[in-house]
Every structure is written in structure tokens, then in C-alpha cells.
$ cat target_32.tsv   # TSV, C-alpha atoms
chain	number	residue	atom	x	y	z
A	1	MET	CA	0.00	0.00	0.00
A	2	MET	CA	2.82	2.32	0.98
A	3	MET	CA	4.56	1.70	-2.33
A	4	VAL	CA	1.41	2.45	-4.24
A	5	SER	CA	0.82	5.70	-2.43
A	6	ILE	CA	4.46	6.77	-2.92
A	7	LEU	CA	4.21	6.02	-6.62
A	8	LYS	CA	0.94	7.83	-6.85
A	9	TYR	CA	2.10	11.00	-5.18
A	10	ASN	CA	5.77	11.18	-6.11
A	11	PRO	CA	5.91	14.35	-8.23
A	12	SER	CA	9.11	13.31	-10.02
A	13	ILE	CA	7.49	10.09	-11.25
A	14	HIS	CA	4.40	12.01	-12.29
A	15	LEU	CA	6.63	14.44	-14.19
A	16	SER	CA	8.56	11.68	-15.94
A	17	ALA	CA	5.31	10.04	-17.07
A	18	LYS	CA	4.30	13.37	-18.54
A	19	LEU	CA	7.70	13.77	-20.18
A	20	LEU	CA	7.42	10.27	-21.63
A	21	LYS	CA	4.03	11.15	-23.08
A	22	LEU	CA	5.44	14.39	-24.50
A	23	PHE	CA	8.45	12.54	-25.93
A	24	LYS	CA	6.15	10.00	-27.59
A	25	TYR	CA	4.00	12.81	-29.01
A	26	VAL	CA	7.04	14.67	-30.42
A	27	LYS	CA	8.50	11.43	-31.85
A	28	ASN	CA	5.19	10.57	-33.54
A	29	LYS	CA	5.01	14.09	-34.97
A	30	MET	CA	8.53	13.77	-36.36
A	31	THR	CA	8.08	10.38	-38.01
A	32	SER	CA	4.42	10.50	-38.99
A	33	LYS	CA	3.75	10.86	-42.69
A	34	THR	CA	1.20	12.88	-44.60
A	35	ILE	CA	-2.06	11.02	-45.05
A	36	LEU	CA	-3.45	11.06	-48.57
A	37	VAL	CA	-6.97	12.42	-48.71
A	38	TYR	CA	-9.80	11.59	-51.13
A	39	PRO	CA	-10.02	12.31	-54.10
A	40	ASP	CA	-6.28	11.58	-54.39
A	41	LYS	CA	-6.08	9.02	-57.20
A	42	GLN	CA	-3.38	7.00	-55.41
A	43	LEU	CA	-6.06	5.82	-52.99
A	44	LYS	CA	-7.77	4.05	-55.92
A	45	GLU	CA	-4.71	1.97	-56.84
A	46	VAL	CA	-4.39	-1.74	-56.11
A	47	SER	CA	-1.38	-2.31	-53.83
A	48	GLN	CA	1.31	-4.88	-54.57
A	49	PRO	CA	2.25	-7.84	-52.31
A	50	VAL	CA	5.28	-7.43	-50.06
A	51	GLU	CA	8.10	-9.71	-51.25
A	52	LYS	CA	11.01	-8.77	-49.00
A	53	PHE	CA	10.76	-8.90	-45.21
A	54	ASP	CA	13.73	-6.73	-44.30
A	55	ASN	CA	14.75	-3.88	-42.00
A	56	GLU	CA	13.37	-1.33	-44.41
A	57	LEU	CA	9.92	-2.93	-44.06
A	58	VAL	CA	10.19	-2.93	-40.24
A	59	GLU	CA	11.14	0.77	-40.30
A	60	PHE	CA	8.31	1.56	-42.70
A	61	ILE	CA	5.81	-0.22	-40.41
A	62	GLN	CA	7.04	1.94	-37.51
A	63	ASP	CA	6.45	5.09	-39.58
A	64	LEU	CA	2.99	3.78	-40.48
A	65	GLU	CA	2.26	3.13	-36.80
A	66	ASP	CA	3.48	6.61	-35.80
A	67	THR	CA	1.18	8.08	-38.43
A	68	ARG	CA	-1.76	6.05	-37.12
A	69	ALA	CA	-1.01	7.10	-33.54
A	70	ASP	CA	-0.85	10.73	-34.67
A	71	GLY	CA	-4.22	10.50	-36.47
A	72	PRO	CA	-7.40	11.57	-34.70
A	73	GLY	CA	-8.79	8.43	-33.06
A	74	ALA	CA	-7.68	6.05	-35.79
A	75	VAL	CA	-7.56	2.37	-34.87
A	76	GLY	CA	-6.33	1.24	-38.27
A	77	ILE	CA	-4.20	2.43	-41.17
A	78	ALA	CA	-3.10	1.01	-44.53
A	79	ALA	CA	0.22	1.60	-46.32
A	80	PRO	CA	-1.36	3.21	-49.41
A	81	GLN	CA	-2.87	5.91	-47.16
A	82	ILE	CA	0.65	7.32	-46.78
A	83	GLY	CA	1.46	6.88	-50.46
A	84	ARG	CA	3.15	3.46	-50.41
A	85	PRO	CA	1.11	0.97	-52.48
A	86	ILE	CA	2.17	-2.23	-50.69
A	87	ARG	CA	-0.09	-4.77	-48.98
A	88	ALA	CA	0.54	-3.80	-45.37
A	89	VAL	CA	-1.91	-2.60	-42.73
A	90	ILE	CA	-2.00	-2.00	-38.99
A	91	VAL	CA	-5.06	-2.58	-36.81
A	92	ASP	CA	-5.28	-2.09	-33.07
A	93	VAL	CA	-8.74	-2.02	-31.52
A	94	SER	CA	-7.48	-2.90	-28.04
A	95	GLY	CA	-8.49	0.54	-26.76
A	96	ARG	CA	-12.20	-0.29	-27.16
A	97	LYS	CA	-14.02	-1.65	-24.16
A	98	LYS	CA	-15.83	-4.97	-24.03
A	99	ILE	CA	-14.82	-6.34	-27.42
A	100	LYS	CA	-12.85	-9.38	-28.53
A	101	HIS	CA	-9.56	-8.50	-30.18
A	102	HIS	CA	-6.00	-9.67	-30.88
A	103	GLY	CA	-4.24	-6.48	-29.73
A	104	TYR	CA	-1.79	-4.59	-31.93
A	105	LEU	CA	-1.64	-6.27	-35.34
A	106	VAL	CA	0.67	-5.75	-38.27
A	107	LEU	CA	-0.83	-7.58	-41.25
A	108	ILE	CA	1.34	-8.04	-44.33
A	109	ASN	CA	-0.19	-9.58	-47.47
A	110	PRO	CA	-3.42	-10.23	-45.56
A	111	GLU	CA	-5.97	-12.53	-47.11
A	112	ILE	CA	-9.48	-13.16	-45.88
A	113	ILE	CA	-10.28	-16.81	-46.49
A	114	GLU	CA	-13.73	-17.06	-44.89
A	115	TRP	CA	-16.60	-14.64	-44.33
A	116	GLU	CA	-19.70	-15.20	-42.21
A	117	GLY	CA	-22.73	-13.05	-41.41
A	118	LEU	CA	-23.43	-9.45	-42.42
A	119	VAL	CA	-23.71	-6.43	-40.19
A	120	VAL	CA	-24.18	-2.70	-40.70
A	121	GLY	CA	-21.77	-0.43	-38.86
A	122	ARG	CA	-20.57	3.13	-38.96
A	123	GLU	CA	-17.17	3.95	-40.40
A	124	GLY	CA	-14.94	6.92	-40.94
A	125	CYS	CA	-11.50	7.19	-42.49
A	126	LEU	CA	-8.36	9.28	-42.05
A	127	SER	CA	-8.45	9.73	-45.84
A	128	VAL	CA	-12.04	11.07	-45.77
A	129	PRO	CA	-12.06	13.72	-43.02
A	130	ASP	CA	-15.27	14.91	-41.36
A	131	TYR	CA	-17.55	12.19	-42.71
A	132	THR	CA	-18.91	8.93	-41.32
A	133	GLY	CA	-21.35	6.56	-42.94
A	134	ASN	CA	-22.93	3.13	-42.71
A	135	VAL	CA	-21.21	0.18	-44.35
A	136	VAL	CA	-22.12	-3.53	-44.48
A	137	ARG	CA	-19.30	-5.89	-43.48
A	138	ALA	CA	-18.93	-9.57	-42.64
A	139	GLU	CA	-19.53	-10.18	-38.94
A	140	ARG	CA	-16.84	-12.87	-38.67
A	141	ILE	CA	-13.77	-13.58	-40.80
A	142	LYS	CA	-10.85	-15.97	-41.00
A	143	LEU	CA	-7.63	-14.33	-42.02
A	144	ASN	CA	-4.15	-15.37	-43.13
A	145	ALA	CA	-1.34	-12.83	-43.01
A	146	PHE	CA	2.34	-12.32	-42.18
A	147	ASP	CA	3.78	-9.98	-39.58
A	148	GLN	CA	6.52	-7.50	-40.47
A	149	PHE	CA	9.19	-10.14	-39.68
A	150	GLY	CA	7.77	-12.65	-42.17
A	151	GLU	CA	6.09	-14.87	-39.60
A	152	GLN	CA	2.85	-16.39	-40.91
A	153	ARG	CA	-0.19	-15.79	-38.72
A	154	ASN	CA	-3.80	-16.96	-38.83
A	155	PHE	CA	-6.71	-15.27	-37.12
A	156	GLU	CA	-10.39	-15.74	-36.47
A	157	MET	CA	-11.99	-12.37	-35.82
A	158	GLU	CA	-15.41	-10.90	-35.21
A	159	GLY	CA	-17.26	-7.64	-34.75
A	160	PHE	CA	-15.35	-4.39	-34.54
A	161	GLU	CA	-11.94	-5.95	-35.18
A	162	ALA	CA	-13.23	-7.88	-38.21
A	163	ARG	CA	-14.74	-4.60	-39.52
A	164	ALA	CA	-11.43	-2.80	-39.02
A	165	VAL	CA	-9.50	-5.45	-40.95
A	166	GLN	CA	-12.01	-5.45	-43.83
A	167	HIS	CA	-11.86	-1.64	-44.03
A	168	GLU	CA	-8.04	-1.67	-44.14
A	169	ILE	CA	-7.80	-4.51	-46.68
A	170	ASP	CA	-10.20	-2.54	-48.88
A	171	HIS	CA	-7.54	0.20	-49.00
A	172	LEU	CA	-5.13	-2.37	-50.49
A	173	ASP	CA	-7.64	-3.04	-53.25
A	174	GLY	CA	-8.17	0.66	-54.01
A	175	LEU	CA	-11.52	0.85	-52.23
A	176	LEU	CA	-12.72	3.39	-49.68
A	177	PHE	CA	-15.72	3.06	-47.37
A	178	LEU	CA	-17.34	5.66	-49.65
A	179	ASP	CA	-17.49	2.88	-52.28
A	180	ARG	CA	-19.58	0.75	-49.92
A	181	LEU	CA	-21.94	3.28	-48.30
A	182	VAL	CA	-25.49	2.18	-47.64
A	183	SER	CA	-28.49	4.38	-46.85
A	184	ARG	CA	-28.41	6.39	-43.65
A	185	HIS	CA	-32.02	5.52	-42.99
A	186	HIS	CA	-34.28	2.50	-43.07
A	187	ASP	CA	-31.53	-0.06	-42.64
A	188	LEU	CA	-31.80	-3.08	-40.43
A	189	PHE	CA	-29.49	-2.51	-37.52
A	190	GLU	CA	-29.05	-5.63	-35.44
A	191	ARG	CA	-26.12	-5.42	-33.13
A	192	LYS	CA	-25.66	-4.59	-29.49
A	193	THR	CA	-29.38	-4.39	-28.99
A	194	TYR	CA	-30.90	-3.64	-25.62
A	195	LYS	CA	-34.61	-4.33	-25.78
A	196	LYS	CA	-37.02	-2.66	-23.41
B	1	MET	CA	-18.39	38.24	-49.52
B	2	ALA	CA	-20.25	34.92	-49.39
B	3	ASN	CA	-23.27	34.70	-47.12
B	4	TRP	CA	-25.05	31.48	-46.26
B	5	TYR	CA	-28.81	30.98	-46.33
B	6	MET	CA	-31.07	28.05	-45.48
B	7	LEU	CA	-33.68	27.53	-48.16
B	8	THR	CA	-36.74	25.49	-47.25
B	9	LEU	CA	-38.91	24.37	-50.14
B	10	VAL	CA	-42.20	22.55	-49.66
B	11	GLY	CA	-44.86	21.46	-52.14
B	12	ALA	CA	-46.68	18.63	-53.85
B	13	ASP	CA	-44.11	16.07	-55.00
B	14	GLN	CA	-43.42	15.52	-58.67
B	15	PRO	CA	-40.45	14.18	-60.65
B	16	GLY	CA	-37.68	16.65	-61.50
B	17	ILE	CA	-38.02	19.15	-58.65
B	18	VAL	CA	-34.44	18.78	-57.37
B	19	ALA	CA	-32.97	19.06	-60.87
B	20	LYS	CA	-34.99	22.20	-61.64
B	21	ILE	CA	-34.33	24.06	-58.39
B	22	THR	CA	-30.60	23.26	-58.37
B	23	LYS	CA	-30.34	24.41	-62.00
B	24	SER	CA	-31.99	27.71	-61.06
B	25	LEU	CA	-29.54	28.13	-58.18
B	26	LEU	CA	-26.56	27.30	-60.40
B	27	THR	CA	-27.73	29.79	-63.02
B	28	ALA	CA	-27.96	32.37	-60.25
B	29	GLN	CA	-24.32	31.56	-59.33
B	30	CYS	CA	-25.27	30.17	-55.96
B	31	ASN	CA	-23.19	27.48	-54.29
B	32	LEU	CA	-24.79	24.56	-52.45
B	33	GLY	CA	-23.68	23.32	-49.04
B	34	GLU	CA	-25.32	20.48	-47.18
B	35	ALA	CA	-28.86	19.43	-48.05
B	36	SER	CA	-31.58	17.10	-46.90
B	37	MET	CA	-34.55	16.19	-49.07
B	38	MET	CA	-37.34	13.83	-48.15
B	39	ARG	CA	-40.93	13.03	-48.85
B	40	LEU	CA	-43.09	13.63	-45.80
B	41	GLY	CA	-46.67	12.46	-46.16
B	42	GLY	CA	-46.23	12.48	-49.93
B	43	ASN	CA	-45.06	16.09	-49.93
B	44	PHE	CA	-41.75	17.20	-51.35
B	45	THR	CA	-39.55	18.84	-48.70
B	46	VAL	CA	-35.97	20.01	-48.94
B	47	MET	CA	-33.65	22.09	-46.81
B	48	LEU	CA	-30.69	23.44	-48.73
B	49	MET	CA	-27.67	25.41	-47.55
B	50	VAL	CA	-27.01	27.99	-50.24
B	51	SER	CA	-24.27	30.61	-50.41
B	52	ILE	CA	-24.19	33.61	-52.68
B	53	ASP	CA	-21.64	36.37	-53.13
B	54	THR	CA	-22.98	39.76	-52.16
B	55	PRO	CA	-21.00	42.95	-52.81
B	56	SER	CA	-19.32	44.25	-49.64
B	57	GLY	CA	-21.40	46.87	-47.92
B	58	ASN	CA	-24.63	45.17	-48.94
B	59	SER	CA	-26.87	43.84	-46.21
B	60	PRO	CA	-27.36	40.04	-45.92
B	61	ASN	CA	-31.01	40.77	-46.68
B	62	ASP	CA	-29.91	41.71	-50.19
B	63	GLY	CA	-28.61	38.16	-50.70
B	64	ALA	CA	-31.89	36.67	-49.51
B	65	ASP	CA	-33.80	39.06	-51.79
B	66	THR	CA	-31.59	38.09	-54.73
B	67	ILE	CA	-32.13	34.38	-54.14
B	68	ARG	CA	-35.89	34.86	-53.78
B	69	ARG	CA	-36.07	36.88	-57.01
B	70	LEU	CA	-34.03	34.29	-58.92
B	71	MET	CA	-35.97	31.33	-57.52
B	72	THR	CA	-39.48	32.72	-57.91
B	73	PRO	CA	-40.09	31.63	-61.54
B	74	CYS	CA	-38.96	28.07	-60.73
B	75	CYS	CA	-41.02	27.93	-57.51
B	76	ASP	CA	-44.09	29.28	-59.31
B	77	GLU	CA	-43.72	26.69	-62.06
B	78	LEU	CA	-43.46	23.85	-59.51
B	79	SER	CA	-45.96	25.35	-57.02
B	80	LEU	CA	-43.34	25.28	-54.27
B	81	HIS	CA	-43.42	27.40	-51.14
B	82	LEU	CA	-40.01	29.00	-50.48
B	83	HIS	CA	-38.70	30.16	-47.12
B	84	ILE	CA	-35.24	31.71	-46.65
B	85	ASP	CA	-33.24	32.23	-43.46
B	86	GLU	CA	-29.81	33.80	-43.15
B	87	ILE	CA	-27.54	31.32	-41.33
B	88	GLN	CA	-23.95	30.69	-40.27
B	89	GLY	CA	-22.44	28.12	-42.66
B	90	HIS	CA	-20.57	25.87	-40.25
B	91	LEU	CA	-19.16	23.26	-42.61
B	92	HIS	CA	-16.54	20.58	-41.81
B	93	ASP	CA	-17.77	20.23	-38.26
B	94	HIS	CA	-19.79	16.99	-38.23
B	95	GLN	CA	-20.47	15.41	-34.89
B	96	ILE	CA	-20.34	11.62	-34.69
B	97	PRO	CA	-23.33	9.94	-33.01
B	98	ASP	CA	-22.65	7.19	-30.49
B	99	VAL	CA	-26.19	5.99	-29.83
B	100	ARG	CA	-29.23	5.03	-31.90
B	101	VAL	CA	-32.76	4.66	-30.57
B	102	ILE	CA	-35.42	2.91	-32.62
B	103	VAL	CA	-39.04	3.32	-31.54
B	104	CYS	CA	-41.96	1.34	-33.00
B	105	GLY	CA	-45.58	1.02	-31.99
B	106	ALA	CA	-49.22	1.50	-32.86
B	107	ASP	CA	-49.53	5.18	-33.77
B	108	ARG	CA	-50.99	7.46	-31.13
B	109	ALA	CA	-50.51	11.02	-29.96
B	110	GLY	CA	-47.56	11.66	-27.65
B	111	ILE	CA	-44.98	8.99	-28.58
B	112	VAL	CA	-42.32	11.45	-29.77
B	113	SER	CA	-42.82	13.79	-26.85
B	114	GLN	CA	-42.76	10.94	-24.32
B	115	VAL	CA	-39.62	9.33	-25.72
B	116	THR	CA	-37.60	12.45	-26.54
B	117	GLU	CA	-38.30	14.02	-23.16
B	118	SER	CA	-36.89	10.92	-21.46
B	119	LEU	CA	-33.91	10.86	-23.80
B	120	PHE	CA	-33.23	14.54	-23.19
B	121	GLU	CA	-33.31	14.03	-19.42
B	122	ALA	CA	-30.86	11.12	-19.86
B	123	GLY	CA	-28.42	13.42	-21.65
B	124	MET	CA	-29.08	12.51	-25.28
B	125	HIS	CA	-28.21	15.20	-27.80
B	126	ILE	CA	-30.23	14.36	-30.93
B	127	LEU	CA	-28.33	14.79	-34.20
B	128	ASP	CA	-30.70	13.04	-36.57
B	129	LEU	CA	-34.34	12.02	-36.32
B	130	ASN	CA	-36.68	10.58	-38.88
B	131	SER	CA	-40.03	8.98	-38.47
B	132	ASP	CA	-42.65	7.31	-40.63
B	133	VAL	CA	-46.28	6.43	-40.24
B	134	ALA	CA	-46.59	3.01	-41.84
B	135	GLY	CA	-49.20	0.23	-41.55
B	136	SER	CA	-52.67	1.02	-42.87
B	137	THR	CA	-55.23	3.79	-42.41
B	138	GLU	CA	-57.12	1.58	-39.95
B	139	ASN	CA	-54.02	0.40	-38.09
B	140	PRO	CA	-51.24	2.97	-38.44
B	141	ILE	CA	-47.79	2.08	-37.09
B	142	TYR	CA	-45.29	4.69	-35.95
B	143	ILE	CA	-41.58	4.03	-36.58
B	144	MET	CA	-38.89	6.47	-35.49
B	145	GLN	CA	-35.11	6.32	-35.74
B	146	ILE	CA	-33.05	8.73	-33.67
B	147	GLU	CA	-29.28	9.08	-33.62
B	148	GLY	CA	-27.34	11.23	-31.23
B	149	ILE	CA	-24.68	11.65	-28.60
B	150	ALA	CA	-25.18	10.11	-25.17
B	151	THR	CA	-23.55	12.85	-23.10
B	152	GLN	CA	-24.16	10.87	-19.88
B	153	GLY	CA	-23.29	7.49	-21.41
B	154	ILE	CA	-25.40	4.84	-23.09
B	155	ASP	CA	-26.36	3.23	-19.76
B	156	ALA	CA	-28.26	6.39	-18.81
B	157	ILE	CA	-30.18	6.18	-22.09
B	158	GLU	CA	-30.94	2.51	-21.53
B	159	LEU	CA	-32.20	3.22	-18.02
B	160	ALA	CA	-34.39	6.08	-19.25
B	161	VAL	CA	-35.88	3.82	-21.93
B	162	GLN	CA	-36.61	1.08	-19.38
B	163	LYS	CA	-38.44	3.62	-17.21
B	164	ILE	CA	-40.79	4.56	-20.05
B	165	ASN	CA	-42.51	1.24	-19.31
B	166	ASP	CA	-45.19	1.54	-21.97
B	167	ASP	CA	-46.45	-1.75	-23.41
B	168	GLY	CA	-47.68	0.07	-26.50
B	169	ILE	CA	-44.21	0.90	-27.82
B	170	ASP	CA	-41.04	-1.06	-28.49
B	171	ILE	CA	-37.81	0.82	-27.96
B	172	LYS	CA	-34.36	-0.42	-28.86
B	173	VAL	CA	-31.16	1.32	-27.79
B	174	GLN	CA	-28.04	0.51	-29.79
B	175	SER	CA	-24.53	1.81	-29.36
B	176	ILE	CA	-22.85	3.14	-32.50
B	177	ASP	CA	-19.15	2.27	-32.45
B	178	THR	CA	-17.66	4.25	-35.30
B	179	PHE	CA	-14.55	2.69	-36.76
B	180	VAL	CA	-11.98	5.14	-38.12
B	181	GLY	CA	-9.09	3.81	-40.16
$ encode --input "target_32.tsv" --output "C-alpha cells"
Amino acid sequence: MMMVSILKYNPSIHLSAKLLKLFKYVKNKMTSKTILVYPDKQLKEVSQPVEKFDNELVEFIQDLEDTRADGPGAVGIAAPQIGRPIRAVIVDVSGRKKIKHHGYLVLINPEIIEWEGLVVGREGCLSVPDYTGNVVRAERIKLNAFDQFGEQRNFEMEGFEARAVQHEIDHLDGLLFLDRLVSRHHDLFERKTYKK
Amino acid sequence: MANWYMLTLVGADQPGIVAKITKSLLTAQCNLGEASMMRLGGNFTVMLMVSIDTPSGNSPNDGADTIRRLMTPCCDELSLHLHIDEIQGHLHDHQIPDVRVIVCGADRAGIVSQVTESLFEAGMHILDLNSDVAGSTENPIYIMQIEGIATQGIDAIELAVQKINDDGIDIKVQSIDTFVG
């Protein structure tokens, strides 16, 4: 208990946590890249598979992550959004409460091999500022991908994380959520329902 | 200097109204902002944000007068009623809803008032509301979809909805988790 209270009230520790946060913010600012914004034609290009898993790729993924972290509330980002048309995305929905997820994910050459169920959800995009709209996505997916070190990984995902991955993979195929918008009204919404 | 106006046009619906009014506005060198058109009870309704350049020194009323003069032939032809308000054109400032409430039931007076009062007290800031009277003339059904921001959290909205305790209406509360990527 004593340790906890010392940690809690020690001003130097409090200061260093703040400095750490500031350092992280400045670092992200320095390494984050410009996000391409619709109607930039590069966003419509189909990205190419990654063939070499090397240091350059690892460094690029860090830049991509810094850009995501610098974006307003973004939980995913795709390489073509910063002008590099390769099949690489990052998804991290771990900040959302009460959802199933796999934490911070780097997905290289991702491939969805199974889809199940359909659900309407609201999406926005760093490349389409100040707009959100309803999009239909598969509720559950099975996914094969590699991480940035070339390790093969397989996932079964659902809900918000599955939506995030589908949105990001769309970027690799030159598609934006604008290409998949459904009507704002009169849709069947059937998720997270609390009935009276 | 560009001033913004909200144009409200109402009249009997017929094909081609939107094309004709927007052509009149374009010809008058007006610029459109955000717009919402819908049929309500078979009537055509639209609210249009319109901006027009007015020479500096002119009153904003001059812009409204100009728009009215330019729109009158088109409105007369289509039998549309035109109303114009000078507004602030706050673009690029959309708010993202985090809760949706769907209300259904046999139509009767007071549903909207009853539900929205409870939602307001539970901290819901309504951003979007649309409702329909469906069913038949003998048995009308009321269906309403509301989206907004739960300023006191979605649990407060859920609790407020539970307290309504009216067997005549079904109310669903859904969270809206907006993905941004």
C-alpha cells in the first residue's frame, strides 16, 4: 500500500510520465507521414504484395504506426494511405471496451479466407475527413497474413476488429468506405441491442 | 463576400423538382452546401444550404432578396413554397453519433414527446431524427429512428428507456461504435 501511495504522489514520477508522453508525441510528430486524402487518385490503386521482409519494411511499419497514432482516433491504417502501395496494414482495436480482439496487429499480405454473417456499422477514415457513414461488413472472418518479420499468422476475428481489418484490406484493393456506403435511414441494424 | 442561407422548399411532389431548383440556383451563381430532401406524407420537402456572393457593404437581406427573385419563376412553375433564413455556414464540423434509438408502436398522440423528453433528461443530444407512419389507415404504425450523442453514457439512455414502461411501444437502444481507419 505504501509503495502504491508513494508512486501515486511522487511528483518526479508524475513528471517523468508526462515527459514520456510528450516525448512519444514529439516522436510521432517527427516520423508521422502525410495522409493522402480523397479524391487523391493513389487511394484508388491496387497495392502490390510485399516480397522482402527486411529492416526497411520494419522501419516503414514503424512510420505507419506513428502516423496512425498521430491521427485523430484512428484504430487502423493502410500503407497506401501514406502513399506506399504495398499490402501492409496496422489494426489495433485494443483501446475499445468490451470487445474481442487480438491487440496490436501488423498484417502483411493479408488474405481473408472465410466470411460469415453481415452487419451494418458506422465507419470513418483518415483519408475522408469529417464524414462517417454506414457500411455492411462480414460479422466474422478468418484471415491469413504475415507480420513485419515474415512470420505467418492466422486469425479468427469478429465484430469491430473484423470490420477494421475489412476496411483496411479494402484500401489495399483501391476501395474506400465511400465505395460501400449504404443508406443512412431504413436499414436493419441488429447489433448490441438492448430491448425494453 | 459569401453569405449562407437556409432555403426550405415545400410542395406537392413531382419528378424533376431537385434538378430544376438546383439548376436555377446554379444559373444564379449560388453554391450549395449540405442538403436534406425527403418526402413527408407524400409532400416534397428540402432544406438546402445555399451561399451567394454579395457585394461588400450590402446587407445580408440583399442576398436573400436576390435568391428569392431568382428562384421565384422556378417555384411558381413547380408550385413550391419558399422560405429563406440567413444562417452561419458551419461546414466541416460533423459530430459523430454514439447511440441510436429505434421506436416502434401503434400510432398514437404523444410517442415522440414521451420518448424524446426521457432521452433529453438522460443526456441525449439528438443529431438526426426521422419517423414514418406506416401500416394502414385503420391500423397505423409509428416508426422512429433517432441518432445522437449520449452525453451521460449509453447506460443512462438505456435506463431512461426502461423507465418509459409503456407496453404500446417497443424501444431499442443501440450503441454506435464508429470505426476510423
$ residues_around --input "target_32.tsv" --residues "Ile146 in chain B" --least-positions-apart "5" --cutoff "6 Å" --atoms "only C-alpha atoms" --output "VMD selection string"
chain B and resid 100 to 101 128 to 129
$ closest_residue --input "target_32.tsv" --among "A:Thr132, A:Ser183, A:Gln166, A:Gln152" --to "chain B" --atoms "only C-alpha atoms"
A:Thr132
$ atom_distance --input "target_32.tsv" --atom1 "CA of Glu158 in chain A" --atom2 "CA of Lys142 in chain A"
8.9 Å
$ interface_residues --input "target_32.tsv" --of "chain A" --to "chain B" --cutoff "10 Å" --atoms "only C-alpha atoms" --output "PyMOL selection string"
chain A and resi 68+71-78+81+89-93+96+121-134+160-161+163-165+167-168+171+177+184-186+189-196
$ residues_around --input "target_32.tsv" --residues "Gln88 in chain B" --least-positions-apart "3" --cutoff "12 Å" --atoms "only C-alpha atoms" --output "number ranges by chain"
B: 2-6, 33, 49-51, 60, 85, 91
$ atom_distance --input "target_32.tsv" --atom1 "CA of Lys44 in chain A" --atom2 "CA of Ser36 in chain B"
28.6 Å
$ atom_distance --input "target_32.tsv" --atom1 "CA of Val58 in chain A" --atom2 "CA of Gly150 in chain A"
10.2 Å
$ closest_residue --input "target_32.tsv" --among "B:Ile52, B:Ala134, B:Leu25, B:Ile126" --to "Gly89 in chain B" --atoms "all atoms listed in the file"
B:Ile52
$ closest_residue --input "target_32.tsv" --among "B:Gln152, B:Thr8, B:Asn139, B:Thr116" --to "His81 in chain B" --atoms "only C-alpha atoms"
B:Thr8
$ residues_around --input "target_32.tsv" --residues "Ala145 in chain A" --least-positions-apart "2" --cutoff "6 Å" --atoms "only C-alpha atoms" --output "ChimeraX atom specification"
/A:107-110,152-153
$ residues_around --input "target_32.tsv" --residues "Ser94 in chain A" --least-positions-apart "5" --cutoff "9 Å" --atoms "only C-alpha atoms" --output "PyMOL selection string"
chain A and resi 75+99-104+161
$ residues_around --input "target_32.tsv" --residues "Leu80 in chain B" --least-positions-apart "6" --cutoff "12 Å" --atoms "only C-alpha atoms" --output "MDAnalysis selection string"
chainID B and resid 7:14 17:18 20:21 43:46 71:74
$ residues_near_point --input "target_32.tsv" --point "(-31.4, 11.5, -20.9)" --cutoff "8 Å" --atoms "all atoms listed in the file" --output "PyMOL selection string"
chain B and resi 117-124+150+152+156-157+160
$ decode --input "target_32.tsv" --residues "range 11-23 of chain B" --atoms "N, CA and C atoms" --output "CSV table (one decimal), in the first residue's frame"
chain,number,residue,atom,x,y,z
B,11,GLY,N,-43.8,21.5,-51.1
B,11,GLY,CA,-44.9,21.5,-52.1
B,11,GLY,C,-45.3,20.1,-52.5
B,12,ALA,N,-46.3,20.0,-53.4
B,12,ALA,CA,-46.7,18.6,-53.8
B,12,ALA,C,-45.5,18.0,-54.6
B,13,ASP,N,-45.3,16.7,-54.4
B,13,ASP,CA,-44.1,16.1,-55.0
B,13,ASP,C,-44.4,15.8,-56.5
B,14,GLN,N,-43.3,15.9,-57.3
B,14,GLN,CA,-43.4,15.5,-58.7
B,14,GLN,C,-42.0,15.3,-59.2
B,15,PRO,N,-41.8,14.5,-60.2
B,15,PRO,CA,-40.5,14.2,-60.6
B,15,PRO,C,-39.8,15.4,-61.2
B,16,GLY,N,-38.5,15.6,-60.9
B,16,GLY,CA,-37.7,16.6,-61.5
B,16,GLY,C,-37.5,17.9,-60.7
B,17,ILE,N,-38.1,17.9,-59.5
B,17,ILE,CA,-38.0,19.1,-58.7
B,17,ILE,C,-36.6,19.5,-58.3
B,18,VAL,N,-35.8,18.5,-57.8
B,18,VAL,CA,-34.4,18.8,-57.4
B,18,VAL,C,-33.6,19.3,-58.5
B,19,ALA,N,-33.8,18.6,-59.7
B,19,ALA,CA,-33.0,19.1,-60.9
B,19,ALA,C,-33.3,20.5,-61.3
B,20,LYS,N,-34.6,20.9,-61.2
B,20,LYS,CA,-35.0,22.2,-61.6
B,20,LYS,C,-34.5,23.3,-60.6
B,21,ILE,N,-34.7,23.0,-59.3
B,21,ILE,CA,-34.3,24.1,-58.4
B,21,ILE,C,-32.8,24.2,-58.3
B,22,THR,N,-32.1,23.1,-58.4
B,22,THR,CA,-30.6,23.3,-58.4
B,22,THR,C,-30.1,23.9,-59.6
B,23,LYS,N,-30.8,23.7,-60.8
B,23,LYS,CA,-30.3,24.4,-62.0
B,23,LYS,C,-30.6,25.9,-61.9
